[in-house]
Amino acid sequence: SLQQLFDLAGETLDTCISMAPDNRELREASTDNWMRAGFMTRAAQVGEALDDGSFASAMQSARLAATLEASKPIGESNTYVVKQKLAEARKRLEASDDPEVKKQAWQVAMFEALMPTYERQVRNRQKDQRASSEEETTRATSENAKMLATLKDLGEQYPDSVDLQSRLVTIFSQERDFETAKVALDRLEKLPEDAAPNQALMKVLSNARYQAAQQNIDAAINFIRKGMESADRDEALILARSGANLAIQSKRGLDAFELLNAVPEAEDGRPSVKLLVQIATLATALQADSNYPDFEFDFEGCIQELKETEGKEGSHWRFVEIQQLLAKADQAATENKNPGMLLQQAADSLRTVLINRPRWGLAAALGGDISRRQGFSSEAIR
């Protein structure tokens, strides 16, 4: 399966690293592989060895630590580790005489500004679902106001940073402070075309998010579509997924489906497994939506394409197949037919998936859907 390939790739890269411990590219590839496979602890361990004493390495280490701690089970997270990593990044920043490093000072300041929110989110995971106290709510409001003021100041201090201004457009749009978001967007638009390698991509995404936050979803989708016309395949994929998310949030599933289908083929002709699964998942939802009675999709063709790509032991084609079994079970239930056999088929197939990918969150969620339909409420919640 694809997960087994990730495991094999990680083990192979680790073996190569043991033979060439100073090869930075191998370590970067291994860190990326373990992160994508969901093994955050292993990714952090490999990433630690990438530390060459630079500011960039310290920031990467802090980000990895933040991701790792947030992914740990309830009660095991330690945000102090993240603070230590961040303090080391600031130390290296202040010790550096490199003007290019100094231009990145906003990264540390932004991380520091976001830390109270990050810590609060991690803290909230440790508690039960009781409502926050008035004191906690007041403190959260105060922390949020302080964070936004700091970010606004950073935008003024570093007007030439594409990455920062793009982030500020997103953050302030989400906060519904459209005036500040527009200031950041205007700064982004005025920067020269060669200000950053990803500038065109960031401009499109920022404009789309700004419009979507104001419920101008047609304008947002048009920005994405126009951006995809001139983007390379990798950028088109990023734009399509971002646009699809915006469309789904606005209950525009068909637009999301069309954006994902507009991504050009890879040069080697091999389909993107994750993209196919996203398309099939959307198609399943659209098929069940009475607003799209004429919607059609070749699920069998999609499953076959996935099976040819990842092999008979693959997990993704089974995932799509299970979704279809559940859709058929739902249809049977509406027709007063017994969906039991279809649900059992889905459960049997899911067991195979979970053997290969026991940590796959999407599969676990699908298991909850099956249990709920079978009437096993406690199992669905678990």
# chains A, B, ... in the order shown; residues from 1 in each chain; ligands from 1

call {"tool": "residues_around", "arguments": {"residues": "Ala219 of chain A", "least_positions_apart": "4", "cutoff": "9 Å", "atoms": "only C-alpha atoms", "output": "list in words"}}
result
Asn207, Ala208, Gln211, Ala212, Phe223 and Ile224 of chain A

call {"tool": "select_by_dssp", "arguments": {"residues": "segment 167-268 of chain A", "states": "alpha helix (DSSP H)", "output": "PyMOL selection string"}}
result
chain A and resi 167-174+178-190+199-213+217-230+233-249+253-261

call {"tool": "residues_around", "arguments": {"residues": "segment 166-174 of chain A", "least_positions_apart": "3", "cutoff": "6 Å", "atoms": "only C-alpha atoms", "output": "PyMOL selection string"}}
result
chain A and resi 163+177-178+181+184-185+206+210+213

call {"tool": "closest_residue", "arguments": {"among": "A:Val277, A:Ala231, A:Phe319, A:Asn222", "to": "Leu259 of chain A", "atoms": "only C-alpha atoms"}}
result
A:Asn222

call {"tool": "closest_atom_pairs", "arguments": {"of": "segment 94-161 of chain A", "to": "segment 48-71 of chain A", "cutoff": "8 Å", "atoms": "only C-alpha atoms", "output": "JSON lines"}}
result
{"residue": "A:Val101", "atom": "CA", "partner": "A:Phe55", "partner_atom": "CA", "distance": 7.2}
{"residue": "A:Val108", "atom": "CA", "partner": "A:Met59", "partner_atom": "CA", "distance": 7.7}
{"residue": "A:Val122", "atom": "CA", "partner": "A:Ala70", "partner_atom": "CA", "distance": 6.3}

call {"tool": "write_last_selection", "arguments": {"atoms": "N, CA and C atoms", "output": "compact mmCIF listing (two decimals), in the first residue's frame"}}
result
# COMPACT_ATOMS: atom_id res chain seq x y z
N VAL A 101 19.36 37.22 6.98
CA VAL A 101 18.77 36.61 8.18
C VAL A 101 17.94 37.65 8.93
N VAL A 108 10.30 35.01 13.86
CA VAL A 108 10.38 34.78 15.30
C VAL A 108 9.30 35.59 16.03
N VAL A 122 -3.57 23.88 22.93
CA VAL A 122 -3.06 22.62 23.47
C VAL A 122 -3.64 22.36 24.85

call {"tool": "atom_distance", "arguments": {"atom1": "atom CA of Ala149 of chain A", "atom2": "atom CA of Glu112 of chain A"}}
result
12.8 Å
